[in-house]
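Trainee: This is the structure, below, for whatever I ask next.
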Amino acid sequence: MRSYQPDLTPPWKKSVPAPEVPAEPDLVVEEAATGFCGAVIRCEKTAQGPTVTLEDRFGKHRVFPMEPRGFLLEGRVVTLVRPGSSAPARPARTASGSLAVPGARARVARAGRIYVEGRHDAELVERVWGDDLRIEGVVVEYLEGIDDLPAIVRDFSPGPDARLGVLVDHLVPGSKESRIAAQVSDGDVLVVGHPYIDVWEAVKPSSVGIPSWPGVPHGQDWKTGVCRALSWPENTGAAWQRILSTVRSYRDLEPELLGRVEELIDFVTAPE
């Protein structure tokens, strides 16, 4: 009979089993060894063992082996397992990829605000970041253009306890928007923008079901020109609702918009 051999490994050197989490689509995790963070795209069986493909917010894909204790979820070490196993259900996510907070009430609105150029910009931000904004108490308002931005900022009277973030369309060197934005200089105001003529372009063409956003001749109304080029009815309001309906999460948006909106949210909610 084999004699009993006691385990003399010190307690602090014993590995602690990590929770098992099913690698379901859209789960956002960080690979422990490389720090690569992304959403789960798919799981596959290979000769070397199961793998998971992650997509970061810039659309880059990487494949990793599903090794024990190989990933971080909200900073906690976990073991990814194939969906459909007996592992516990994964935490719910908001459309922006943040961890959902079940039953959380909207916070009383902050004095700080985020301004966007138009109604479509506001509706898109609400579509993806609405849950996050309510938890943080951040209100998004639209301006119907930024021609009077310097005066609007002065009227807002920003301060350490009332920061102002502004999202600008077509903020590229030499544009009218860039010249207006340059007139705003206040430490409690952050003006950022994306390169697109209109926020429509910030929705990935693949999500809308088109090969690309068409070019529109200079001097022609851009939205109307897009409808014509795509053979859509020349009703820009209906066209926008068609586009907006295809946006289900941050993965349907271009990274040039994603990064700027999250930068504004961080700025407005930063401690004094």
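Scheme for the structure tokens: letters A, B, ... for chains in order shown; per-chain residue numbers from 1; ligand numbers from 1 in order shown.
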Write down as a short mmCIF file (atom, residue, chain, number, x, y, z; two decimals) with N, CA, C and O atoms, in the first residue's frame the residues of region 97-264 of chain A whose backbone DSSP state falls under strand (DSSP E).
Mentor:
```cif
data_model
loop_
_atom_site.label_atom_id
_atom_site.label_comp_id
_atom_site.auth_asym_id
_atom_site.auth_seq_id
_atom_site.Cartn_x
_atom_site.Cartn_y
_atom_site.Cartn_z
N ARG A 113 -21.13 69.02 -18.98
CA ARG A 113 -21.92 68.58 -20.13
C ARG A 113 -21.00 68.12 -21.26
O ARG A 113 -19.82 68.44 -21.29
N ILE A 114 -21.61 67.38 -22.18
CA ILE A 114 -20.97 67.09 -23.46
C ILE A 114 -21.84 67.68 -24.54
O ILE A 114 -23.06 67.41 -24.60
N TYR A 115 -21.25 68.53 -25.39
CA TYR A 115 -21.95 69.12 -26.51
C TYR A 115 -21.53 68.42 -27.79
O TYR A 115 -20.35 68.15 -28.00
N VAL A 116 -22.50 68.13 -28.65
CA VAL A 116 -22.22 67.58 -29.97
C VAL A 116 -22.88 68.50 -30.99
O VAL A 116 -23.72 69.35 -30.64
N VAL A 139 -24.98 64.60 -19.16
CA VAL A 139 -26.00 64.98 -20.12
C VAL A 139 -25.33 65.39 -21.43
O VAL A 139 -24.34 66.11 -21.43
N VAL A 140 -25.88 64.89 -22.55
CA VAL A 140 -25.38 65.25 -23.88
C VAL A 140 -26.40 66.17 -24.54
O VAL A 140 -27.59 65.86 -24.60
N GLU A 141 -25.93 67.31 -25.04
CA GLU A 141 -26.80 68.27 -25.73
C GLU A 141 -26.25 68.53 -27.12
O GLU A 141 -25.04 68.45 -27.35
N TYR A 142 -27.14 68.87 -28.06
CA TYR A 142 -26.66 69.17 -29.40
C TYR A 142 -26.84 70.65 -29.72
O TYR A 142 -27.73 71.31 -29.20
N LEU A 164 -16.65 70.99 -19.54
CA LEU A 164 -17.39 70.93 -20.78
C LEU A 164 -16.58 70.18 -21.83
O LEU A 164 -15.40 70.48 -22.06
N GLY A 165 -17.20 69.17 -22.45
CA GLY A 165 -16.57 68.45 -23.55
C GLY A 165 -17.35 68.71 -24.83
O GLY A 165 -18.59 68.76 -24.81
N VAL A 166 -16.65 68.90 -25.93
CA VAL A 166 -17.29 69.22 -27.20
C VAL A 166 -16.79 68.25 -28.27
O VAL A 166 -15.58 68.09 -28.46
N LEU A 167 -17.74 67.62 -28.98
CA LEU A 167 -17.41 66.72 -30.08
C LEU A 167 -17.73 67.42 -31.39
O LEU A 167 -18.86 67.85 -31.61
N VAL A 168 -16.71 67.53 -32.26
CA VAL A 168 -16.84 68.29 -33.50
C VAL A 168 -16.69 67.36 -34.70
O VAL A 168 -15.78 66.53 -34.75
N VAL A 189 -12.28 72.93 -20.57
CA VAL A 189 -13.00 72.60 -21.80
C VAL A 189 -12.10 71.71 -22.66
O VAL A 189 -10.92 71.99 -22.84
N LEU A 190 -12.67 70.64 -23.18
CA LEU A 190 -11.94 69.76 -24.09
C LEU A 190 -12.73 69.67 -25.39
O LEU A 190 -13.89 69.24 -25.40
N VAL A 191 -12.10 70.10 -26.49
CA VAL A 191 -12.71 70.01 -27.81
C VAL A 191 -11.97 68.94 -28.60
O VAL A 191 -10.77 69.05 -28.82
N VAL A 192 -12.68 67.91 -29.00
CA VAL A 192 -12.09 66.85 -29.81
C VAL A 192 -13.03 66.60 -30.99
O VAL A 192 -14.16 67.07 -31.03
N GLY A 193 -12.54 65.87 -31.97
CA GLY A 193 -13.37 65.62 -33.13
C GLY A 193 -12.93 64.41 -33.92
O GLY A 193 -11.88 63.83 -33.66
#
```
Trainee: At most 12 Å is the cut-off: for each residue in region 164-251 of chain A with any atom that close to an atom of region 14-36 of chain A, write down the nearest atom pair and the distance in Å rounded to one decimal, counting only C-alpha atoms, chain first then increasing number, as a Markdown table.
Mentor:
```
| residue | atom | partner | partner_atom | distance |
| --- | --- | --- | --- | --- |
| A:Arg248 | CA | A:Asp26 | CA | 11.2 |
| A:Ser249 | CA | A:Asp26 | CA | 9.2 |
| A:Tyr250 | CA | A:Asp26 | CA | 10.1 |
| A:Arg251 | CA | A:Asp26 | CA | 8.9 |
```
Trainee: Closest to Leu264 (chain A) among A:Val125, A:Ile152, A:Ile243, A:Val63, using only C-alpha atoms?
Mentor: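 Answer, going by the shortest atom-to-atom distance: A:Val125.
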Trainee: Have a look at A:Val78, A:Leu73, A:Ala122, A:Cys37 and name the one nearest to Asp56 (chain A); count only C-alpha atoms.
Mentor: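 Smallest separation from Asp56 (chain A) among the options: A:Cys37.
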Trainee: Have a look at A:Asp186, A:Glu262, A:Asp161, A:Glu123 and name the one nearest to Trp240 (chain A); count only C-alpha atoms.
Mentor: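 Looking only at the distances to Trp240 (chain A), the closest residue turns out to be A:Glu123.
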